[in-house]
file structure32.pdb (PDB, C-alpha atoms)
MODEL        1
ATOM      1  CA  MET A   6      19.460 -24.254 -26.947
ATOM      2  CA  ASN A   7      21.173 -22.700 -29.920
ATOM      3  CA  LEU A   8      20.766 -19.169 -31.172
ATOM      4  CA  HIS A   9      19.111 -20.257 -34.414
ATOM      5  CA  THR A  10      16.429 -22.222 -32.502
ATOM      6  CA  VAL A  11      15.375 -19.441 -30.108
ATOM      7  CA  ASN A  12      12.307 -18.384 -32.095
ATOM      8  CA  THR A  13      11.149 -21.803 -33.310
ATOM      9  CA  GLY A  14       7.512 -22.463 -32.478
ATOM     10  CA  ILE A  15       6.662 -18.788 -31.925
ATOM     11  CA  VAL A  16       3.912 -17.659 -34.271
ATOM     12  CA  LYS A  17       3.334 -13.898 -34.417
ATOM     13  CA  ASN A  18      -0.056 -13.766 -36.134
ATOM     14  CA  LYS A  19      -1.716 -16.948 -34.938
ATOM     15  CA  LYS A  20      -5.296 -17.410 -36.160
ATOM     16  CA  ILE A  21      -7.979 -17.873 -33.531
ATOM     17  CA  THR A  22      -9.600 -21.304 -33.267
ATOM     18  CA  ARG A  23     -13.051 -21.087 -34.857
ATOM     19  CA  LEU A  24     -15.473 -23.015 -32.669
ATOM     20  CA  GLY A  25     -18.648 -24.803 -33.691
ATOM     21  CA  ARG A  26     -17.873 -25.209 -37.402
ATOM     22  CA  GLY A  27     -18.697 -28.898 -37.881
ATOM     23  CA  LYS A  28     -17.152 -32.252 -36.947
ATOM     24  CA  GLY A  29     -14.258 -31.946 -39.401
ATOM     25  CA  SER A  30     -12.846 -28.865 -37.667
ATOM     26  CA  GLY A  31     -12.205 -30.787 -34.432
ATOM     27  CA  LYS A  32     -14.071 -28.138 -32.449
ATOM     28  CA  GLY A  33     -17.627 -28.802 -33.640
ATOM     29  CA  ARG A  34     -20.804 -29.857 -31.822
ATOM     30  CA  THR A  35     -19.915 -28.875 -28.210
ATOM     31  CA  ALA A  36     -17.193 -26.437 -29.363
ATOM     32  CA  GLY A  37     -14.646 -27.563 -26.771
ATOM     33  CA  ARG A  38     -16.950 -26.887 -23.801
ATOM     34  CA  GLY A  39     -17.603 -30.521 -22.898
ATOM     35  CA  THR A  40     -21.116 -31.840 -22.393
ATOM     36  CA  LYS A  41     -23.731 -30.431 -20.024
ATOM     37  CA  GLY A  42     -23.007 -28.535 -16.831
ATOM     38  CA  TYR A  43     -22.517 -24.896 -15.950
ATOM     39  CA  GLY A  44     -19.428 -24.433 -18.129
ATOM     40  CA  SER A  45     -21.224 -25.518 -21.270
ATOM     41  CA  ARG A  46     -23.866 -22.785 -20.985
ATOM     42  CA  SER A  47     -23.551 -19.281 -22.396
ATOM     43  CA  GLY A  48     -22.655 -16.576 -19.888
ATOM     44  CA  SER A  49     -20.833 -18.963 -17.566
ATOM     45  CA  SER A  50     -17.904 -17.502 -15.673
ATOM     46  CA  MET A  51     -16.213 -18.908 -12.591
ATOM     47  CA  ASN A  52     -14.742 -17.102  -9.627
ATOM     48  CA  LEU A  53     -10.938 -17.432  -9.819
ATOM     49  CA  SER A  54     -10.830 -19.075  -6.395
ATOM     50  CA  PHE A  55     -13.629 -21.585  -7.138
ATOM     51  CA  GLU A  56     -12.368 -25.166  -7.025
ATOM     52  CA  GLY A  57     -15.467 -27.134  -7.982
ATOM     53  CA  GLY A  58     -16.940 -27.232  -4.501
ATOM     54  CA  GLN A  59     -13.667 -28.289  -2.855
ATOM     55  CA  MET A  60     -12.588 -26.090   0.063
ATOM     56  CA  PRO A  61     -10.592 -23.289  -1.646
ATOM     57  CA  LEU A  62      -6.878 -22.956  -1.013
ATOM     58  CA  PHE A  63      -7.331 -19.506   0.501
ATOM     59  CA  ARG A  64      -9.628 -20.953   3.173
ATOM     60  CA  ARG A  65      -7.433 -24.025   3.763
ATOM     61  CA  VAL A  66      -4.229 -22.102   4.469
ATOM     62  CA  PRO A  67      -3.909 -20.934   8.101
ATOM     63  CA  LYS A  68      -3.992 -17.202   8.724
ATOM     64  CA  ARG A  69      -1.423 -15.794  11.137
ATOM     65  CA  GLY A  70      -0.609 -12.387  12.533
ATOM     66  CA  PHE A  71      -2.626  -9.241  12.853
ATOM     67  CA  ASN A  72      -3.869  -6.844  10.200
ATOM     68  CA  ASN A  73      -4.777  -3.372  11.414
ATOM     69  CA  ALA A  74      -6.596  -2.196   8.298
ATOM     70  CA  GLY A  75      -7.873   1.089   9.771
ATOM     71  CA  ALA A  76      -4.511   2.297  11.076
ATOM     72  CA  LEU A  77      -2.824   5.375   9.657
ATOM     73  CA  GLU A  78       0.534   5.073   7.894
ATOM     74  CA  VAL A  79       2.960   7.206   9.920
ATOM     75  CA  ALA A  80       6.204   8.549   8.451
ATOM     76  CA  CYS A  81       8.790   9.164  11.192
ATOM     77  CA  ILE A  82      11.829  11.449  11.265
ATOM     78  CA  ASN A  83      14.239  12.034  14.138
ATOM     79  CA  VAL A  84      15.519  15.419  15.322
ATOM     80  CA  CYS A  85      19.101  14.289  14.596
ATOM     81  CA  ASP A  86      18.133  13.807  10.916
ATOM     82  CA  ILE A  87      16.648  17.309  10.843
ATOM     83  CA  ASP A  88      19.836  18.681  12.420
ATOM     84  CA  ALA A  89      22.006  16.966   9.812
ATOM     85  CA  MET A  90      19.937  17.863   6.725
ATOM     86  CA  PHE A  91      18.796  21.436   7.428
ATOM     87  CA  SER A  92      20.514  24.711   8.318
ATOM     88  CA  ASP A  93      19.477  27.623  10.577
ATOM     89  CA  GLY A  94      16.287  29.439   9.620
ATOM     90  CA  GLU A  95      15.010  26.777   7.223
ATOM     91  CA  THR A  96      11.480  25.385   7.337
ATOM     92  CA  VAL A  97      11.160  21.637   7.792
ATOM     93  CA  ASN A  98       7.879  20.470   6.259
ATOM     94  CA  VAL A  99       6.540  17.716   4.033
ATOM     95  CA  GLU A 100       7.609  19.426   0.797
ATOM     96  CA  SER A 101      11.173  20.130   1.955
ATOM     97  CA  LEU A 102      11.585  16.548   3.238
ATOM     98  CA  LYS A 103      10.401  15.166  -0.117
ATOM     99  CA  ALA A 104      12.741  17.536  -1.973
ATOM    100  CA  LYS A 105      15.720  16.283   0.073
ATOM    101  CA  GLY A 106      14.733  12.654  -0.606
ATOM    102  CA  ILE A 107      13.927  11.711   2.995
ATOM    103  CA  LEU A 108      10.232  10.895   2.432
ATOM    104  CA  LYS A 109       9.806   8.582  -0.534
ATOM    105  CA  TYR A 110       6.714   6.498   0.213
ATOM    106  CA  ARG A 111       2.982   7.093   0.755
ATOM    107  CA  TYR A 112       1.905   8.008   4.300
ATOM    108  CA  ASP A 113      -0.958   9.681   6.145
ATOM    109  CA  VAL A 114       0.796  11.659   8.904
ATOM    110  CA  LEU A 115       4.337  12.865   9.641
ATOM    111  CA  LYS A 116       5.717  12.392  13.154
ATOM    112  CA  VAL A 117       8.904  13.889  14.620
ATOM    113  CA  LEU A 118      10.730  11.641  17.098
ATOM    114  CA  GLY A 119      13.270  12.700  19.724
ATOM    115  CA  ASP A 120      16.327  10.559  18.899
ATOM    116  CA  GLY A 121      19.589  12.571  18.807
ATOM    117  CA  GLU A 122      20.201  16.263  19.415
ATOM    118  CA  LEU A 123      18.945  19.417  17.727
ATOM    119  CA  THR A 124      21.290  22.431  17.656
ATOM    120  CA  LYS A 125      19.784  24.538  14.864
ATOM    121  CA  LYS A 126      16.902  27.000  15.041
ATOM    122  CA  VAL A 127      14.534  25.697  12.411
ATOM    123  CA  LYS A 128      10.775  25.834  11.975
ATOM    124  CA  ILE A 129       9.318  22.311  11.999
ATOM    125  CA  GLN A 130       5.845  21.604  10.612
ATOM    126  CA  ALA A 131       4.489  18.102  11.290
ATOM    127  CA  HIS A 132       1.292  16.334  12.245
ATOM    128  CA  ARG A 133       2.667  14.811  15.466
ATOM    129  CA  PHE A 134       5.571  15.315  17.870
ATOM    130  CA  SER A 135       6.818  12.948  20.559
ATOM    131  CA  LYS A 136       7.330  14.366  24.082
ATOM    132  CA  THR A 137      11.115  14.087  23.879
ATOM    133  CA  ALA A 138      11.093  15.748  20.447
ATOM    134  CA  GLU A 139       9.030  18.648  21.844
ATOM    135  CA  GLU A 140      11.501  19.099  24.721
ATOM    136  CA  LYS A 141      14.545  19.060  22.420
ATOM    137  CA  ILE A 142      12.960  21.464  19.926
ATOM    138  CA  LYS A 143      12.081  23.940  22.689
ATOM    139  CA  ALA A 144      15.561  23.603  24.249
ATOM    140  CA  ALA A 145      17.197  24.404  20.894
ATOM    141  CA  GLY A 146      15.015  27.494  20.441
ATOM    142  CA  ALA A 147      13.365  26.115  17.315
ATOM    143  CA  GLU A 148       9.700  26.539  16.398
ATOM    144  CA  MET A 149       7.185  23.755  15.912
ATOM    145  CA  GLU A 150       3.820  23.859  14.219
ATOM    146  CA  VAL A 151       1.227  21.083  14.422
ATOM    147  CA  LEU A 152      -0.437  20.438  11.057
ATOM    148  CA  PRO A 153      -4.032  19.203  10.830
ATOM    149  CA  GLY A 154      -4.055  15.566   9.812
ATOM    150  CA  LYS A 155      -6.201  12.496   9.476
ATOM    151  CA  LYS A 156      -7.606  10.918  12.598
ATOM    152  CA  PRO A 157      -7.360   7.146  13.087
ATOM    153  CA  VAL A 158     -10.556   5.168  12.566
ATOM    154  CA  VAL A 159     -11.771   3.851  15.932
ATOM    155  CA  LYS A 160     -14.735   1.494  15.703
ATOM    156  CA  GLY A 161     -17.071   0.585  18.529
ATOM    157  CA  VAL A 162     -16.109   3.444  20.869
ATOM    158  CA  LYS A 163     -19.020   5.524  22.112
ATOM    159  CA  LYS A 164     -18.421   9.068  23.272
ATOM    160  CA  ALA A 165     -19.591   9.802  26.813
ATOM    161  CA  LYS A 166     -22.131  12.595  26.977
ATOM    162  CA  ALA A 167     -21.265  15.516  29.224
ATOM    163  CA  GLU A 168     -23.718  15.726  32.085
ATOM    164  CA  ALA A 169     -24.325  19.152  33.566
TER     165      ALA A 169
ENDMDL
END
call {"tool": "encode", "arguments": {"input": "structure32.pdb", "output": "structure tokens"}}
result
Amino acid sequence: MNLHTVNTGIVKNKKITRLGRGKGSGKGRTAGRGTKGYGSRSGSSMNLSFEGGQMPLFRRVPKRGFNNAGALEVACINVCDIDAMFSDGETVNVESLKAKGILKYRYDVLKVLGDGELTKKVKIQAHRFSKTAEEKIKAAGAEMEVLPGKKPVVKGVKKAKAEA
């Protein structure tokens, strides 16, 4: 390819092909739709996955793994990350974590995990806390506040009625 041949064959304002304008146009009579059948009728539109009655590719390919569609997306942060990023007296919440660039993706709930050590007295606001994180936060003298959050969707579980 040479530089002077890059744009050859590219037409900016190409005219549309006018269908059904007589035999001489090359697209007369059936107007490029073929003869008979569903595709020749007006209003015909095929599903993108339809393969003329053949088993579609999507159904032929084996499915593997597990898809938990109802599960919540949980963003996790460790207490060592909080210790490194925040100073004494600061509030650790969703807004402050986004401002510092720690949370960058979409999630449903924020969970604090107990990896590392916490030495600073900060106020932590999250939806969930692990047991080790709770112990380390209390040992450091920091505060923790549980935020109301979304509950996971559990299907097929019936609640037992309290019998008095």
call {"tool": "atom_distance", "arguments": {"input": "structure32.pdb", "atom1": "CA of Phe91 in chain A", "atom2": "CA of Phe134 in chain A"}}
result
17.9 Å
call {"tool": "closest_residue", "arguments": {"input": "structure32.pdb", "among": "A:Ala145, A:Val151, A:Ile15, A:Ile87", "to": "Asp120 in chain A", "atoms": "all atoms listed in the file"}}
result
A:Ile87
call {"tool": "atom_distance", "arguments": {"input": "structure32.pdb", "atom1": "CA of Gly146 in chain A", "atom2": "CA of Lys128 in chain A"}}
result
9.6 Å
call {"tool": "residues_around", "arguments": {"input": "structure32.pdb", "residues": "range 55-70 of chain A", "least_positions_apart": "4", "cutoff": "12 Å", "atoms": "all atoms listed in the file", "output": "VMD selection string"}}
result
chain A and resid 42 to 44 50 to 51
call {"tool": "write_last_selection", "arguments": {"input": "structure32.pdb", "atoms": "C-alpha atoms", "output": "mmCIF file, in the coordinates of the input"}}
result
data_model
loop_
_atom_site.group_PDB
_atom_site.id
_atom_site.type_symbol
_atom_site.label_atom_id
_atom_site.label_comp_id
_atom_site.auth_asym_id
_atom_site.auth_seq_id
_atom_site.Cartn_x
_atom_site.Cartn_y
_atom_site.Cartn_z
ATOM 1 C CA GLY A 42 -23.007 -28.535 -16.831
ATOM 2 C CA TYR A 43 -22.517 -24.896 -15.950
ATOM 3 C CA GLY A 44 -19.428 -24.433 -18.129
ATOM 4 C CA SER A 50 -17.904 -17.502 -15.673
ATOM 5 C CA MET A 51 -16.213 -18.908 -12.591
#
call {"tool": "resolve_selection", "arguments": {"input": "structure32.pdb", "expression": "the PyMOL selection byres ((chain A and resi 80) around 7)", "output": "number ranges by chain"}}
result
A: 78-79, 81-82, 112, 114-116
call {"tool": "resolve_selection", "arguments": {"input": "structure32.pdb", "expression": "the PyMOL selection byres ((chain A and resi 37) around 12)", "output": "PDB file with C-alpha atoms, in the frame of the given file"}}
result
ATOM      1  CA  THR A  22      -9.600 -21.304 -33.267  1.00  0.00           C
ATOM      2  CA  ARG A  23     -13.051 -21.087 -34.857  1.00  0.00           C
ATOM      3  CA  LEU A  24     -15.473 -23.015 -32.669  1.00  0.00           C
ATOM      4  CA  GLY A  25     -18.648 -24.803 -33.691  1.00  0.00           C
ATOM      5  CA  ARG A  26     -17.873 -25.209 -37.402  1.00  0.00           C
ATOM      6  CA  GLY A  27     -18.697 -28.898 -37.881  1.00  0.00           C
ATOM      7  CA  LYS A  28     -17.152 -32.252 -36.947  1.00  0.00           C
ATOM      8  CA  SER A  30     -12.846 -28.865 -37.667  1.00  0.00           C
ATOM      9  CA  GLY A  31     -12.205 -30.787 -34.432  1.00  0.00           C
ATOM     10  CA  LYS A  32     -14.071 -28.138 -32.449  1.00  0.00           C
ATOM     11  CA  GLY A  33     -17.627 -28.802 -33.640  1.00  0.00           C
ATOM     12  CA  ARG A  34     -20.804 -29.857 -31.822  1.00  0.00           C
ATOM     13  CA  THR A  35     -19.915 -28.875 -28.210  1.00  0.00           C
ATOM     14  CA  ALA A  36     -17.193 -26.437 -29.363  1.00  0.00           C
ATOM     15  CA  ARG A  38     -16.950 -26.887 -23.801  1.00  0.00           C
ATOM     16  CA  GLY A  39     -17.603 -30.521 -22.898  1.00  0.00           C
ATOM     17  CA  THR A  40     -21.116 -31.840 -22.393  1.00  0.00           C
ATOM     18  CA  LYS A  41     -23.731 -30.431 -20.024  1.00  0.00           C
ATOM     19  CA  GLY A  44     -19.428 -24.433 -18.129  1.00  0.00           C
ATOM     20  CA  SER A  45     -21.224 -25.518 -21.270  1.00  0.00           C
ATOM     21  CA  ARG A  46     -23.866 -22.785 -20.985  1.00  0.00           C
TER      22      ARG A  46
END
call {"tool": "closest_residue", "arguments": {"input": "structure32.pdb", "among": "A:Lys155, A:Val117, A:Ser135, A:Lys143", "to": "Asn83 in chain A", "atoms": "all atoms listed in the file"}}
result
A:Val117
call {"tool": "atom_distance", "arguments": {"input": "structure32.pdb", "atom1": "CA of Pro153 in chain A", "atom2": "CA of Met90 in chain A"}}
result
24.4 Å
call {"tool": "residues_around", "arguments": {"input": "structure32.pdb", "residues": "range 147-149 of chain A", "least_positions_apart": "6", "cutoff": "9 Å", "atoms": "all atoms listed in the file", "output": "list in words"}}
result
Gly94, Leu123, Thr124, Lys125, Lys126, Val127, Lys128, Ile129, Gln130, Ala131, Phe134, Glu139 and Lys141 of chain A
call {"tool": "closest_residue", "arguments": {"input": "structure32.pdb", "among": "A:Ile21, A:Ile142, A:Leu118, A:Leu8", "to": "Asp86 in chain A", "atoms": "all atoms listed in the file"}}
result
A:Leu118
call {"tool": "closest_residue", "arguments": {"input": "structure32.pdb", "among": "A:Thr10, A:Asp113, A:Gly48, A:Ala144", "to": "Val99 in chain A", "atoms": "all atoms listed in the file"}}
result
A:Asp113
call {"tool": "closest_residue", "arguments": {"input": "structure32.pdb", "among": "A:Lys136, A:Glu150, A:Asp88, A:Leu77", "to": "Gly121 in chain A", "atoms": "all atoms listed in the file"}}
result
A:Asp88
